[in-house]
Structure formats: C-alpha cells, structure tokens
Amino acid sequence: MSRNGERRLRVDWVRCDGYGLCGDMLPELIDLDEWRFPILRAGPVDRDLLHDAQRAADCCPMKALILEPVPADRRR
Amino acid sequence: MRTYPITQRLLAGTPMGGAAERLGAHVARLGPLPGDRRRDIIPSLEASGLLGRGGAGFPVGRKWRAMAERRHGDAVIVANGAEGEPASFKDRVLMANRPHLVIDGAILAAEAVGAGEIVLYVGGEHEAAVAAMSRALMERGDERRPPLRIVTAPVGYVAGEATAAVHYINAGDARPTTTPPRMSERGVDGRPTLVQNVESLAYAALIARFGEDWYRTAGRSETPGTGLITVTGAAEQQGVREIELGTTVGEVAAASGAGSHAVQAVVLGGYFGTWARAEDVWDLPLDPAGMRAGGLAFGCGIVGLLPEGRCGVTATAEIMGFMADESAGQCGPCVYGLRALGDATARVARGRAEADDLDRIERWTAQLPGRGACHHPDGAVQLLASALDVFGDEFNRHARMRRCSVTRSRLDVA
Ligand SMILES: Cc1cc2nc3c(=O)[nH]c(=O)nc-3n(C[C@H](O)[C@H](O)[C@H](O)COP(=O)(O)O)c2cc1C
Ligand code: SF4
Ligand code: SF4
C-alpha cells in the first residue's frame with residue numbers, strides 16, 4: 001500500500017540504543033543528537049540513496065533502523 | 001458576572017459528589033439501551049459528529065466503522081478510564097458518578113463492532129471510580145452481554161496511552177509499544193482492539209437513546225455537543241464542569257469564580273496542551289474543531305488558569321520536570337531529551353541558567369517531536385514551545401538578568 005514504490009526510514013525507538021552508527025554511515029539522511037540518537041531527514045528516501053539507506057538499516061546492531069514503503073495514510 | 005446556560009447531559013440526574021447512580025435510577029432516568037438502535041448506531045455516531053474525548057479528538061463513528069469492517073477476528077473493547085493526567089478529573093468524576101452510562105457505552109461499542117470482550121481500564125488511584133465501576137458491574141450481574149472485566153491501571157501519565165493500556169492488560173507492563181502492528185489488528189490477547197475514552201463511550205450511550213439530531217442541538221460553535229472539562233488554578237470553584245462546546249474561556253472562568261483581572265495566562269488541554277495569554281483567549285470558544293484550526297488543542301478539556309503573581313516560567317518548569325519523570329524510560333530521545341529540557345527549564349526558572357540554556361531549550365524543543373514510540377515527548381515540547389512564546393520575555397529575564405518580574409524578585413541571591 002505504498003505510493004509509487006517510495007520508501008522511508010523509520011526508527012523503532014524502543015529498540016534503538018543510540019550508538020549512532022547509522023548517523024556515521026548515512027550522514028546524508030541521518031543527523032545525531034548530543035546523545036547520539038538519530039534525527040532522520042523527513043520524507044521519502046531519494047532513489048540514489050536507497051542502497052546506502054538499506055545498508056545502514058542492515059548494519060544497525062539493534063535492528064532499530066527500518067527502510068520501509070511509505071504507508072499510504074502517512075504522507076510525511 | 002456573565003453566565004452561560006447550563007446544559008447537563010453526561011452529568012444530568014442527581015448532583016455530582018453524592019453516591020454513584022445505581023442501576024435502577026439509571027434505567028428509570030434514561031431507559032434501557034434501545035435494542036433497535038444498536039444496529040444503526042454507527043451511522044448515527046458519524047452523523048452526530050462526536051469526537052473522542054481522550055485527547056486526540058478523533059471522530060468516534062469513523063473509528064467504530066473501521067473496526068466493524070475489519071476482515072477477521074473477535075474484537076475487544078477497552079474503555080479507557082486511566083486518566084493519568086494529574087490536572088484532569090473529568091473521567092474519574094464521570095465513572096464515580098455515572099458508572100452505568102460508561103458501561104452502556106462499552107456494551108454498545110461491543111455490539112456495534114462485534115466484540116466478544118470488554119475491559120474497563122480504570123486508573124487504580126481513582127478509588128471512588130474503581131469502587132463505583134466495580135459495584136455497577138455487580139449490579140448488572142445476569143444481563144446478557146459480552147464478558148466485562150475491570151483492570152486497574154497503574155499510576156503514571158503514560159499508562160493511559162492506548163498501546164500502553166493494551167500492553168498492561170496483556171503483560172502487566174504499562175509502557176507503550178511500537179506500532180505496527182496496529183492495535184486495531186492485534187491488541188488485547190492478539191485480537192483487534194478498540195480503545196475508547198470513557199466519556200466518548202458514555203456519550204455514545206446517550207446518542208443511542210436520543211439520536212444524532214438531539215446531540216447536535218447543543219454546541220455554540222463549530223463542534224456540536226457538550227463536553228466535560230476540568231477547571232484548575234485561579235478559580236474559586238475548581239473542578240469538573242459540563243459545558244456546551246463553544247462556551248468561551250472567559251465564561252468558564254467567570255462561572256468558576258475567576259475574574260479576568262485575576263488570570264494571567266491559561267493552559268488549555270493540560271500538560272499536553274498550550275499556554276496562551278489570558279487576554280488572547282478570554283473570548284475563545286472551547287471548541288475542539290475551532291481550536292485545532294487555530295493551532296490549539298481542546299485535548300482532554302483542561303482549562304488551567306494561571307493566577308496573577310504566579311510565575312509562568314516556574315509553572316512550566318514544574319510541568320516539564322513532571323513530564324520528564326513520567327517518561328516510560330524506553331526511547332532515548334524521550335528519556336534524555338525530556339530530562340535535559342526539564343533540567344534546563346528548572347535552571348532558568350531558579351535563576352541558575354547556564355550561558356546557552358535558552359539556545360539549548362529551543363534546539364531540543366525543535367528536534368524532539370516524533371522521536372518516541374508514543375506522543376508523550378511531542379505533547380511535552382508543544383507545551384514548552386507555547387511557554388517560550390507566551391512567557392518569552394520572562395524566560396529571557398530569568399536566564400540573563402536572573403530576575404522574575406512576576407514575583408518581583410532577584411533570583412541570584414541565595
Ligand atoms: C501519554 C499519553 C497519555 C494518554 N492518557 C490517556 C488517558 O489517561 N485516558 C484516555 O482516554 N486517553 C489517553 N490518551 C489517548 C489514548 O492514546 C487514546 O487516543 C484514547 O484513549 C482514545 O479514545 P478517544 O478516541 O475516545 O479519545 C493518552 C495519550 C498519550 C499520548
Ligand atoms: S544504528 Fe540503530 S541502534 Fe544505533 S543509533 Fe542508529 S538506529 Fe539506533
Ligand atoms: S516516547 Fe517516552 S513515554 Fe513514550 S514510550 Fe517512549 S520513553 Fe515511553
């Protein structure tokens with residue numbers, strides 16, 4: 001139920017431990033706050049960053065960073 | 001003093017504060033839940049325009065329809081009477097005084113959406129409410145209805161959040177869970193679950209009896225109906241009132257014994273809400289739809305009146321400290337961010353601000369929303385952002401000059 005196959009990043013905040021690995025791997029899309037918890041850039045991930053985004057999600061030690069289809073009802 | 005016409009619907013009947021209404025009196029006053037209305041209650045709720053009263057103001061009829069049209073699974077109804085917001089009293093007053101109306105609403109919801117079980121989730125510290133709901137259940141002994149049970153909610157601000165309620169009912173842990181899967185698909189015991197505030201349910205039980213046209217005869221502004229509010233702060237008569245929606249802040253204040261000269265600022269919607277200058281909102285209708293359009297929130301109906309002579313920075317720091325304490329402790333940005341915001345705000349309030357505290361507060365306030373499993377941090381920073389707007393000069397004075405012009409005091413002398 002995504003629109004035009006767009007994907008977005010989401011953090012499962014209960015799982016995320018704030019090691020900040022994702023921010024180091026993908027600074028284009030992820031800032032880190034002073035506690036090294038991620039701040040995601042809003043909106044769907046640009047096509048040319050999809051590969052890097054998937055890699056960052058795969059490398060998250062807590063499986064807390066998720067690349068997923070943009071839900072049809074959540075167009076942010 | 002201006003007054004407004006009193007429209008009692010939810011609180012009609014014997015005056016508040018006495019004993020809870022018994023089943024016999026309840027049925028004598030309102031009649032039984034009409035059986036033939038149960039089938040068309042969903043269109044009726046949709047046409048009524050009834051909005052949820054737990055804080056978010058989502059249309060009740062739409063929520064019931066979505067649940068009724070689910071593909072599979074026997075559903076569960078959770079009547080949310082946790083009321084963890086310390087400034088709010090309306091749900092406990094409703095449950096303590098009109099328990100049968102709440103139970104009617106829960107049964108109606110179960111029948112309308114096809115649910116096989118009802119959980120009455122009642123704040124354990126609201127003792128009169130727990131007692132009244134328990135006795136009401138006993139009075140209903142042999143009635144034909146889905147099984148109903150009471151689960152007392154633990155103390156805590158977040159315990160009333162919908163996923164926290166489901167988590168507690170399932171596993172005794174009142175911390176929110178990460179959606180998805182949505183509760184409407186997998187909630188209590190893994191079954192589709194409808195969580196509805198107790199006031200919303202009580203009103204549904206009235207609409208089932210009197211219809212949507214009756215419902216819409218009340219309401220002085222955009223949103224139809226009446227609603228329960230809690231008046232706190234600079235008022236002689238604090239407490240729960242039922243108002244016709246669209247009644248103004250000033251009318252409510254006057255009826256509660258608070259003149260405009262005595263009120264400096266107003267917090268609307270509670271610890272999740274927004275501060276506003278008294279003169280800016282005195283004529284504002286307490287109208288969920290209109291307030292939302294204006295960037296405000298009716299929330300759970302709190303009208304908090306900050307008296308003249310009380311420092312808004314200190315009042316805000318107290319709320320932020322509370323909100324940080326009430327974090328359920330599982331999401332980093334909420335845990336560290338709210339604590340840091342609470343501490344920085346407290347330093348400012350006490351005249352002990354560090355050089356960049358104001359900048360930090362602004363930055364953290366901007367970066368926290370949306371970064372938790374539930375909306376707890378979002379509500380807290382919304383309140384703080386509105387405080388920075390309304391009490392901005394005073395924040396500056398506290399931080400840079402270490403003075404409070406409301407209490408006329410120097411803060412840097414120990
Ligand atoms: C931190 C937090 C606390 C909440 N506490 C309550 C509560 O005590 N009672 C309540 O009815 N809703 C509470 N809510 C809202 C519920 O999540 C849910 O939206 C509501 O119970 C749905 O009922 P309604 O649609 O009738 O308003 C809370 C939400 C949040 C984010
Ligand atoms: S890598 Fe994973 S656990 Fe670490 S900060 Fe990023 S999302 Fe959180
Ligand atoms: S956002 Fe805060 S209150 Fe909500 S679940 Fe996470 S830690 Fe708990």
# chains A, B, ... in the order shown; residues from 1 in each chain; ligands from 1
>>> residues_near_ligand(ligand="ligand 3", cutoff="12 Å", atoms="only C-alpha atoms and all ligand atoms", output="VMD selection string")
(chain A and resid 11 to 16) or (chain B and resid 156 to 165 167 173 to 179 322 to 339 368 to 381)
>>> residues_around(residues="region 14-31 of chain B", least_positions_apart="6", cutoff="10 Å", atoms="only C-alpha atoms", output="ChimeraX atom specification")
/B:93-101,128-129,131-133,135-140,205-206,209-210,240-241
>>> residues_near_ligand(ligand="ligand 2", cutoff="6 Å", atoms="only C-alpha atoms and all ligand atoms", output="PyMOL selection string")
chain A and resi 11+16-22+37-38+60-62+64-65
>>> write_last_selection(atoms="N, CA, C and O atoms", output="PDB file, in the first residue's frame")
ATOM      1  N   VAL A  11      12.670   4.748  12.700  1.00  0.00           N
ATOM      2  CA  VAL A  11      13.410   4.188  13.837  1.00  0.00           C
ATOM      3  C   VAL A  11      12.408   3.573  14.805  1.00  0.00           C
ATOM      4  O   VAL A  11      11.386   4.189  15.125  1.00  0.00           O
ATOM      5  N   CYS A  16      16.127   1.175  19.608  1.00  0.00           N
ATOM      6  CA  CYS A  16      17.351   1.941  19.324  1.00  0.00           C
ATOM      7  C   CYS A  16      18.141   2.216  20.605  1.00  0.00           C
ATOM      8  O   CYS A  16      17.595   2.673  21.601  1.00  0.00           O
ATOM      9  N   ASP A  17      19.448   1.927  20.539  1.00  0.00           N
ATOM     10  CA  ASP A  17      20.290   2.118  21.717  1.00  0.00           C
ATOM     11  C   ASP A  17      21.178   3.346  21.628  1.00  0.00           C
ATOM     12  O   ASP A  17      21.964   3.608  22.536  1.00  0.00           O
ATOM     13  N   GLY A  18      21.093   4.073  20.527  1.00  0.00           N
ATOM     14  CA  GLY A  18      21.819   5.331  20.458  1.00  0.00           C
ATOM     15  C   GLY A  18      23.321   5.191  20.330  1.00  0.00           C
ATOM     16  O   GLY A  18      24.061   6.027  20.846  1.00  0.00           O
ATOM     17  N   TYR A  19      23.774   4.156  19.640  1.00  0.00           N
ATOM     18  CA  TYR A  19      25.205   4.083  19.375  1.00  0.00           C
ATOM     19  C   TYR A  19      25.586   5.016  18.233  1.00  0.00           C
ATOM     20  O   TYR A  19      26.742   5.339  18.043  1.00  0.00           O
ATOM     21  N   GLY A  20      24.594   5.395  17.450  1.00  0.00           N
ATOM     22  CA  GLY A  20      24.840   6.394  16.426  1.00  0.00           C
ATOM     23  C   GLY A  20      25.523   5.891  15.177  1.00  0.00           C
ATOM     24  O   GLY A  20      25.937   6.686  14.321  1.00  0.00           O
ATOM     25  N   LEU A  21      25.638   4.580  15.062  1.00  0.00           N
ATOM     26  CA  LEU A  21      26.287   4.013  13.885  1.00  0.00           C
ATOM     27  C   LEU A  21      25.626   4.494  12.592  1.00  0.00           C
ATOM     28  O   LEU A  21      26.287   4.854  11.622  1.00  0.00           O
ATOM     29  N   CYS A  22      24.296   4.551  12.611  1.00  0.00           N
ATOM     30  CA  CYS A  22      23.549   4.927  11.410  1.00  0.00           C
ATOM     31  C   CYS A  22      23.914   6.342  10.968  1.00  0.00           C
ATOM     32  O   CYS A  22      24.055   6.610   9.780  1.00  0.00           O
ATOM     33  N   PHE A  37      21.557   9.769  19.429  1.00  0.00           N
ATOM     34  CA  PHE A  37      20.338   9.167  18.880  1.00  0.00           C
ATOM     35  C   PHE A  37      20.040   9.835  17.544  1.00  0.00           C
ATOM     36  O   PHE A  37      20.273  11.037  17.371  1.00  0.00           O
ATOM     37  N   PRO A  38      19.514   9.065  16.599  1.00  0.00           N
ATOM     38  CA  PRO A  38      19.350   9.590  15.239  1.00  0.00           C
ATOM     39  C   PRO A  38      18.223  10.620  15.101  1.00  0.00           C
ATOM     40  O   PRO A  38      17.213  10.555  15.789  1.00  0.00           O
ATOM     41  N   CYS A  60      22.448  -1.708  11.470  1.00  0.00           N
ATOM     42  CA  CYS A  60      22.018  -1.291  12.811  1.00  0.00           C
ATOM     43  C   CYS A  60      22.078  -2.478  13.760  1.00  0.00           C
ATOM     44  O   CYS A  60      21.412  -3.490  13.537  1.00  0.00           O
ATOM     45  N   PRO A  61      22.870  -2.364  14.822  1.00  0.00           N
ATOM     46  CA  PRO A  61      23.051  -3.518  15.711  1.00  0.00           C
ATOM     47  C   PRO A  61      21.773  -3.914  16.446  1.00  0.00           C
ATOM     48  O   PRO A  61      21.649  -5.043  16.902  1.00  0.00           O
ATOM     49  N   MET A  62      20.835  -2.982  16.583  1.00  0.00           N
ATOM     50  CA  MET A  62      19.612  -3.300  17.324  1.00  0.00           C
ATOM     51  C   MET A  62      18.444  -3.618  16.390  1.00  0.00           C
ATOM     52  O   MET A  62      17.323  -3.798  16.846  1.00  0.00           O
ATOM     53  N   ALA A  64      16.983  -1.549  14.681  1.00  0.00           N
ATOM     54  CA  ALA A  64      16.037  -0.489  15.037  1.00  0.00           C
ATOM     55  C   ALA A  64      15.799   0.475  13.879  1.00  0.00           C
ATOM     56  O   ALA A  64      14.856   1.263  13.913  1.00  0.00           O
ATOM     57  N   LEU A  65      16.677   0.422  12.886  1.00  0.00           N
ATOM     58  CA  LEU A  65      16.522   1.315  11.734  1.00  0.00           C
ATOM     59  C   LEU A  65      15.883   0.520  10.605  1.00  0.00           C
ATOM     60  O   LEU A  65      16.385  -0.536  10.228  1.00  0.00           O
TER      61      LEU A  65
END
>>> closest_residue(among="A:Leu9, A:Glu28, A:Asp33, A:Pro44", to="chain B", atoms="only C-alpha atoms")
A:Asp33
>>> atom_distance(atom1="CA of Pro146 (chain B)", atom2="CA of His72 (chain B)")
18.0 Å
>>> select_by_dssp(residues="region 28-100 of chain B", states="helix (DSSP H, G or I)", output="JSON, numbers by chain")
{"B": [28, 29, 30, 35, 36, 37, 41, 42, 43, 44, 45, 46, 47, 48, 60, 61, 62, 63, 64, 65, 66, 67, 68, 90, 91, 92, 93, 94, 95, 96, 97, 99, 100]}
>>> write_last_selection(atoms="N, CA, C and O atoms", output="short mmCIF file (atom, residue, chain, number, x, y, z; two decimals), in the first residue's frame")
data_model
loop_
_atom_site.label_atom_id
_atom_site.label_comp_id
_atom_site.auth_asym_id
_atom_site.auth_seq_id
_atom_site.Cartn_x
_atom_site.Cartn_y
_atom_site.Cartn_z
N ALA B 28 -34.33 4.09 35.20
CA ALA B 28 -35.55 4.89 35.36
C ALA B 28 -35.40 6.25 34.69
O ALA B 28 -36.33 6.78 34.09
N ARG B 29 -34.19 6.79 34.75
CA ARG B 29 -33.96 8.13 34.21
C ARG B 29 -33.84 8.11 32.68
O ARG B 29 -34.38 8.97 31.98
N LEU B 30 -33.12 7.13 32.16
CA LEU B 30 -32.77 7.15 30.74
C LEU B 30 -33.42 6.03 29.93
O LEU B 30 -33.38 6.05 28.71
N GLY B 35 -32.66 -1.63 22.01
CA GLY B 35 -32.10 -2.71 21.19
C GLY B 35 -32.10 -2.38 19.72
O GLY B 35 -31.14 -2.68 19.01
N ASP B 36 -33.15 -1.72 19.23
CA ASP B 36 -33.25 -1.50 17.79
C ASP B 36 -32.33 -0.38 17.32
O ASP B 36 -32.13 -0.19 16.13
N ARG B 37 -31.76 0.37 18.24
CA ARG B 37 -30.84 1.43 17.81
C ARG B 37 -29.43 0.87 17.63
O ARG B 37 -28.56 1.53 17.07
N ILE B 41 -26.28 2.39 15.05
CA ILE B 41 -25.57 3.36 15.88
C ILE B 41 -24.35 3.94 15.16
O ILE B 41 -24.01 5.11 15.35
N ILE B 42 -23.72 3.16 14.30
CA ILE B 42 -22.51 3.70 13.67
C ILE B 42 -22.82 4.88 12.75
O ILE B 42 -22.22 5.95 12.90
N PRO B 43 -23.78 4.73 11.82
CA PRO B 43 -24.14 5.93 11.03
C PRO B 43 -24.60 7.08 11.91
O PRO B 43 -24.33 8.26 11.62
N SER B 44 -25.30 6.75 12.98
CA SER B 44 -25.80 7.79 13.88
C SER B 44 -24.63 8.53 14.54
O SER B 44 -24.63 9.77 14.64
N LEU B 45 -23.63 7.78 14.98
CA LEU B 45 -22.45 8.42 15.59
C LEU B 45 -21.72 9.27 14.55
O LEU B 45 -21.24 10.36 14.85
N GLU B 46 -21.62 8.73 13.34
CA GLU B 46 -20.93 9.50 12.29
C GLU B 46 -21.66 10.81 12.04
O GLU B 46 -21.04 11.87 11.93
N ALA B 47 -23.00 10.74 11.96
CA ALA B 47 -23.77 11.95 11.68
C ALA B 47 -23.74 12.92 12.86
O ALA B 47 -23.89 14.13 12.69
N SER B 48 -23.54 12.39 14.05
CA SER B 48 -23.56 13.26 15.24
C SER B 48 -22.35 14.19 15.27
O SER B 48 -22.42 15.30 15.75
N VAL B 60 -15.52 9.47 16.62
CA VAL B 60 -15.83 8.17 17.21
C VAL B 60 -16.49 7.24 16.19
O VAL B 60 -16.14 6.07 16.09
N GLY B 61 -17.43 7.77 15.42
CA GLY B 61 -18.14 6.93 14.45
C GLY B 61 -17.20 6.31 13.43
O GLY B 61 -17.31 5.13 13.08
N ARG B 62 -16.23 7.10 12.97
CA ARG B 62 -15.29 6.59 11.98
C ARG B 62 -14.45 5.45 12.56
O ARG B 62 -14.17 4.46 11.89
N LYS B 63 -14.09 5.60 13.82
CA LYS B 63 -13.29 4.56 14.48
C LYS B 63 -14.09 3.26 14.61
O LYS B 63 -13.57 2.18 14.36
N TRP B 64 -15.36 3.38 14.98
CA TRP B 64 -16.20 2.19 15.14
C TRP B 64 -16.43 1.53 13.78
O TRP B 64 -16.43 0.32 13.66
N ARG B 65 -16.62 2.35 12.75
CA ARG B 65 -16.87 1.76 11.43
C ARG B 65 -15.65 0.97 10.97
O ARG B 65 -15.76 -0.16 10.49
N ALA B 66 -14.47 1.58 11.13
CA ALA B 66 -13.26 0.88 10.70
C ALA B 66 -13.14 -0.45 11.43
O ALA B 66 -12.77 -1.47 10.83
N MET B 67 -13.46 -0.46 12.71
CA MET B 67 -13.36 -1.72 13.46
C MET B 67 -14.44 -2.70 13.00
O MET B 67 -14.17 -3.89 12.83
N ALA B 68 -15.65 -2.21 12.77
CA ALA B 68 -16.74 -3.10 12.36
C ALA B 68 -16.45 -3.73 11.00
O ALA B 68 -16.88 -4.85 10.72
N LYS B 90 -12.07 14.76 34.96
CA LYS B 90 -13.40 14.54 34.39
C LYS B 90 -13.74 13.06 34.26
O LYS B 90 -14.88 12.67 34.51
N ASP B 91 -12.76 12.23 33.91
CA ASP B 91 -13.09 10.81 33.71
C ASP B 91 -13.38 10.13 35.05
O ASP B 91 -14.30 9.32 35.16
N ARG B 92 -12.58 10.47 36.07
CA ARG B 92 -12.85 9.82 37.36
C ARG B 92 -14.18 10.29 37.93
O ARG B 92 -14.92 9.51 38.53
N VAL B 93 -14.53 11.58 37.72
CA VAL B 93 -15.82 12.07 38.20
C VAL B 93 -16.96 11.38 37.45
O VAL B 93 -17.95 10.95 38.05
N LEU B 94 -16.81 11.24 36.15
CA LEU B 94 -17.84 10.56 35.36
C LEU B 94 -18.03 9.12 35.83
O LEU B 94 -19.15 8.67 36.08
N MET B 95 -16.92 8.40 35.98
CA MET B 95 -17.02 6.98 36.37
C MET B 95 -17.57 6.84 37.79
O MET B 95 -18.33 5.92 38.09
N ALA B 96 -17.17 7.76 38.68
CA ALA B 96 -17.61 7.66 40.06
C ALA B 96 -19.09 7.99 40.21
O ALA B 96 -19.75 7.51 41.12
N ASN B 97 -19.62 8.82 39.29
CA ASN B 97 -21.00 9.26 39.43
C ASN B 97 -21.96 8.58 38.46
O ASN B 97 -23.12 8.37 38.79
N PRO B 99 -21.47 5.48 36.52
CA PRO B 99 -20.79 4.28 36.00
C PRO B 99 -21.61 3.53 34.95
O PRO B 99 -21.05 2.98 34.00
N HIS B 100 -22.94 3.53 35.11
CA HIS B 100 -23.75 2.75 34.18
C HIS B 100 -23.79 3.34 32.79
O HIS B 100 -23.95 2.62 31.80
#
>>> residues_around(residues="Gly233 (chain B)", least_positions_apart="4", cutoff="9 Å", atoms="only C-alpha atoms", output="PyMOL selection string")
chain B and resi 238+303-307
>>> atom_distance(atom1="CA of Thr230 (chain B)", atom2="CA of Leu245 (chain B)")
13.4 Å
>>> select_by_dssp(residues="region 3-251 of chain B", states="strand (DSSP E)", output="PyMOL selection string")
chain B and resi 75-81+115-123+148-153+193-197+226-233+239-244
>>> closest_residue(among="B:Gly290, B:Gly225, B:Gly301, B:Gly239", to="ligand 1", atoms="only C-alpha atoms and all ligand atoms")
B:Gly301
>>> closest_residue(among="A:Pro71, A:Leu29, A:Arg7, A:Asp48", to="chain B", atoms="only C-alpha atoms")
A:Pro71
>>> residues_around(residues="Thr345 (chain B)", least_positions_apart="6", cutoff="9 Å", atoms="only C-alpha atoms", output="ChimeraX atom specification")
/B:313-314,316-318,320-321,353,357-358,361,395
>>> write_last_selection(atoms="C-alpha atoms", output="mmCIF file, in the first residue's frame")
data_model
loop_
_atom_site.group_PDB
_atom_site.id
_atom_site.type_symbol
_atom_site.label_atom_id
_atom_site.label_comp_id
_atom_site.auth_asym_id
_atom_site.auth_seq_id
_atom_site.Cartn_x
_atom_site.Cartn_y
_atom_site.Cartn_z
ATOM 1 C CA VAL B 313 8.395 30.102 33.896
ATOM 2 C CA THR B 314 8.297 28.286 37.226
ATOM 3 C CA THR B 316 6.278 25.499 33.129
ATOM 4 C CA ALA B 317 9.446 24.147 34.741
ATOM 5 C CA GLU B 318 7.329 22.163 37.189
ATOM 6 C CA MET B 320 8.445 19.804 32.384
ATOM 7 C CA GLY B 321 10.035 18.167 35.410
ATOM 8 C CA ALA B 353 20.729 29.280 33.796
ATOM 9 C CA ASP B 357 20.457 27.096 28.197
ATOM 10 C CA LEU B 358 17.946 29.172 26.246
ATOM 11 C CA ILE B 361 15.916 24.646 25.082
ATOM 12 C CA PHE B 395 12.346 33.369 30.198
#
>>> atom_distance(atom1="CA of Val249 (chain B)", atom2="CA of Leu268 (chain B)")
9.3 Å
>>> residues_around(residues="Arg9 (chain B)", least_positions_apart="3", cutoff="10 Å", atoms="only C-alpha atoms", output="number ranges by chain")
B: 6, 12-13, 203, 206, 215, 218, 225-228, 242-244
>>> write_last_selection(atoms="C-alpha atoms", output="PDB file, in the first residue's frame")
ATOM      1  CA  ILE B   6     -26.008  25.077  31.849  1.00  0.00           C
ATOM      2  CA  ALA B  12     -27.671  15.102  34.272  1.00  0.00           C
ATOM      3  CA  GLY B  13     -29.531  13.499  37.134  1.00  0.00           C
ATOM      4  CA  TYR B 203     -21.843   9.930  25.085  1.00  0.00           C
ATOM      5  CA  LEU B 206     -26.786   8.847  25.075  1.00  0.00           C
ATOM      6  CA  TYR B 215     -26.790  15.558  20.019  1.00  0.00           C
ATOM      7  CA  ALA B 218     -26.016  21.595  21.713  1.00  0.00           C
ATOM      8  CA  GLY B 225     -22.413  18.650  21.710  1.00  0.00           C
ATOM      9  CA  THR B 226     -21.425  19.219  25.278  1.00  0.00           C
ATOM     10  CA  GLY B 227     -18.218  18.129  26.952  1.00  0.00           C
ATOM     11  CA  LEU B 228     -16.627  17.610  30.320  1.00  0.00           C
ATOM     12  CA  GLU B 242     -20.056  20.089  31.695  1.00  0.00           C
ATOM     13  CA  ILE B 243     -20.164  22.839  29.107  1.00  0.00           C
ATOM     14  CA  GLU B 244     -21.838  23.314  25.820  1.00  0.00           C
TER      15      GLU B 244
END
>>> residues_around(residues="Arg10 (chain A)", least_positions_apart="5", cutoff="8 Å", atoms="only C-alpha atoms", output="list in words")
Leu40, Leu65, Ile66, Leu67 and Glu68 of chain A
>>> closest_residue(among="B:Trp214, B:Tyr271, B:Phe391, B:Trp364", to="ligand 1", atoms="only C-alpha atoms and all ligand atoms")
B:Tyr271
>>> residues_around(residues="region 409-411 of chain B", least_positions_apart="5", cutoff="7 Å", atoms="only C-alpha atoms", output="PDB file with all heavy atoms, in the first residue's frame")
ATOM      1  N   ARG B 350      15.042  29.006  38.225  1.00  0.00           N
ATOM      2  CA  ARG B 350      15.665  29.311  39.512  1.00  0.00           C
ATOM      3  C   ARG B 350      16.717  30.401  39.418  1.00  0.00           C
ATOM      4  O   ARG B 350      17.377  30.700  40.402  1.00  0.00           O
ATOM      5  CB  ARG B 350      16.320  28.047  40.087  1.00  0.00           C
ATOM      6  CG  ARG B 350      15.342  27.000  40.575  1.00  0.00           C
ATOM      7  CD  ARG B 350      16.017  26.041  41.562  1.00  0.00           C
ATOM      8  NE  ARG B 350      17.329  25.615  41.084  1.00  0.00           N
ATOM      9  CZ  ARG B 350      17.549  24.525  40.343  1.00  0.00           C
ATOM     10  NH1 ARG B 350      16.528  23.770  40.006  1.00  0.00           N
ATOM     11  NH2 ARG B 350      18.753  24.205  39.949  1.00  0.00           N
ATOM     12  N   GLY B 351      16.912  30.963  38.206  1.00  0.00           N
ATOM     13  CA  GLY B 351      17.949  31.972  38.054  1.00  0.00           C
ATOM     14  C   GLY B 351      19.342  31.373  38.032  1.00  0.00           C
ATOM     15  O   GLY B 351      20.324  32.035  38.341  1.00  0.00           O
ATOM     16  N   ARG B 402      18.575  37.142  35.682  1.00  0.00           N
ATOM     17  CA  ARG B 402      18.323  36.372  36.913  1.00  0.00           C
ATOM     18  C   ARG B 402      17.311  37.086  37.799  1.00  0.00           C
ATOM     19  O   ARG B 402      17.480  37.245  38.998  1.00  0.00           O
ATOM     20  CB  ARG B 402      19.636  36.107  37.652  1.00  0.00           C
ATOM     21  CG  ARG B 402      20.672  35.483  36.715  1.00  0.00           C
ATOM     22  CD  ARG B 402      21.819  34.828  37.420  1.00  0.00           C
ATOM     23  NE  ARG B 402      22.834  34.364  36.463  1.00  0.00           N
ATOM     24  CZ  ARG B 402      22.746  33.230  35.771  1.00  0.00           C
ATOM     25  NH1 ARG B 402      21.711  32.444  35.905  1.00  0.00           N
ATOM     26  NH2 ARG B 402      23.701  32.888  34.931  1.00  0.00           N
ATOM     27  N   ARG B 403      16.262  37.549  37.120  1.00  0.00           N
ATOM     28  CA  ARG B 403      15.186  38.235  37.832  1.00  0.00           C
ATOM     29  C   ARG B 403      13.841  37.684  37.377  1.00  0.00           C
ATOM     30  O   ARG B 403      13.698  37.249  36.246  1.00  0.00           O
ATOM     31  CB  ARG B 403      15.181  39.731  37.484  1.00  0.00           C
ATOM     32  CG  ARG B 403      16.221  40.523  38.213  1.00  0.00           C
ATOM     33  CD  ARG B 403      16.209  41.966  37.719  1.00  0.00           C
ATOM     34  NE  ARG B 403      17.037  42.769  38.594  1.00  0.00           N
ATOM     35  CZ  ARG B 403      16.617  43.205  39.787  1.00  0.00           C
ATOM     36  NH1 ARG B 403      15.402  42.990  40.199  1.00  0.00           N
ATOM     37  NH2 ARG B 403      17.433  43.906  40.546  1.00  0.00           N
ATOM     38  N   CYS B 404      12.872  37.792  38.269  1.00  0.00           N
ATOM     39  CA  CYS B 404      11.499  37.435  37.920  1.00  0.00           C
ATOM     40  C   CYS B 404      10.641  38.662  38.146  1.00  0.00           C
ATOM     41  O   CYS B 404      10.590  39.184  39.254  1.00  0.00           O
ATOM     42  CB  CYS B 404      11.000  36.286  38.793  1.00  0.00           C
ATOM     43  SG  CYS B 404       9.259  35.880  38.495  1.00  0.00           S
TER      44      CYS B 404
END
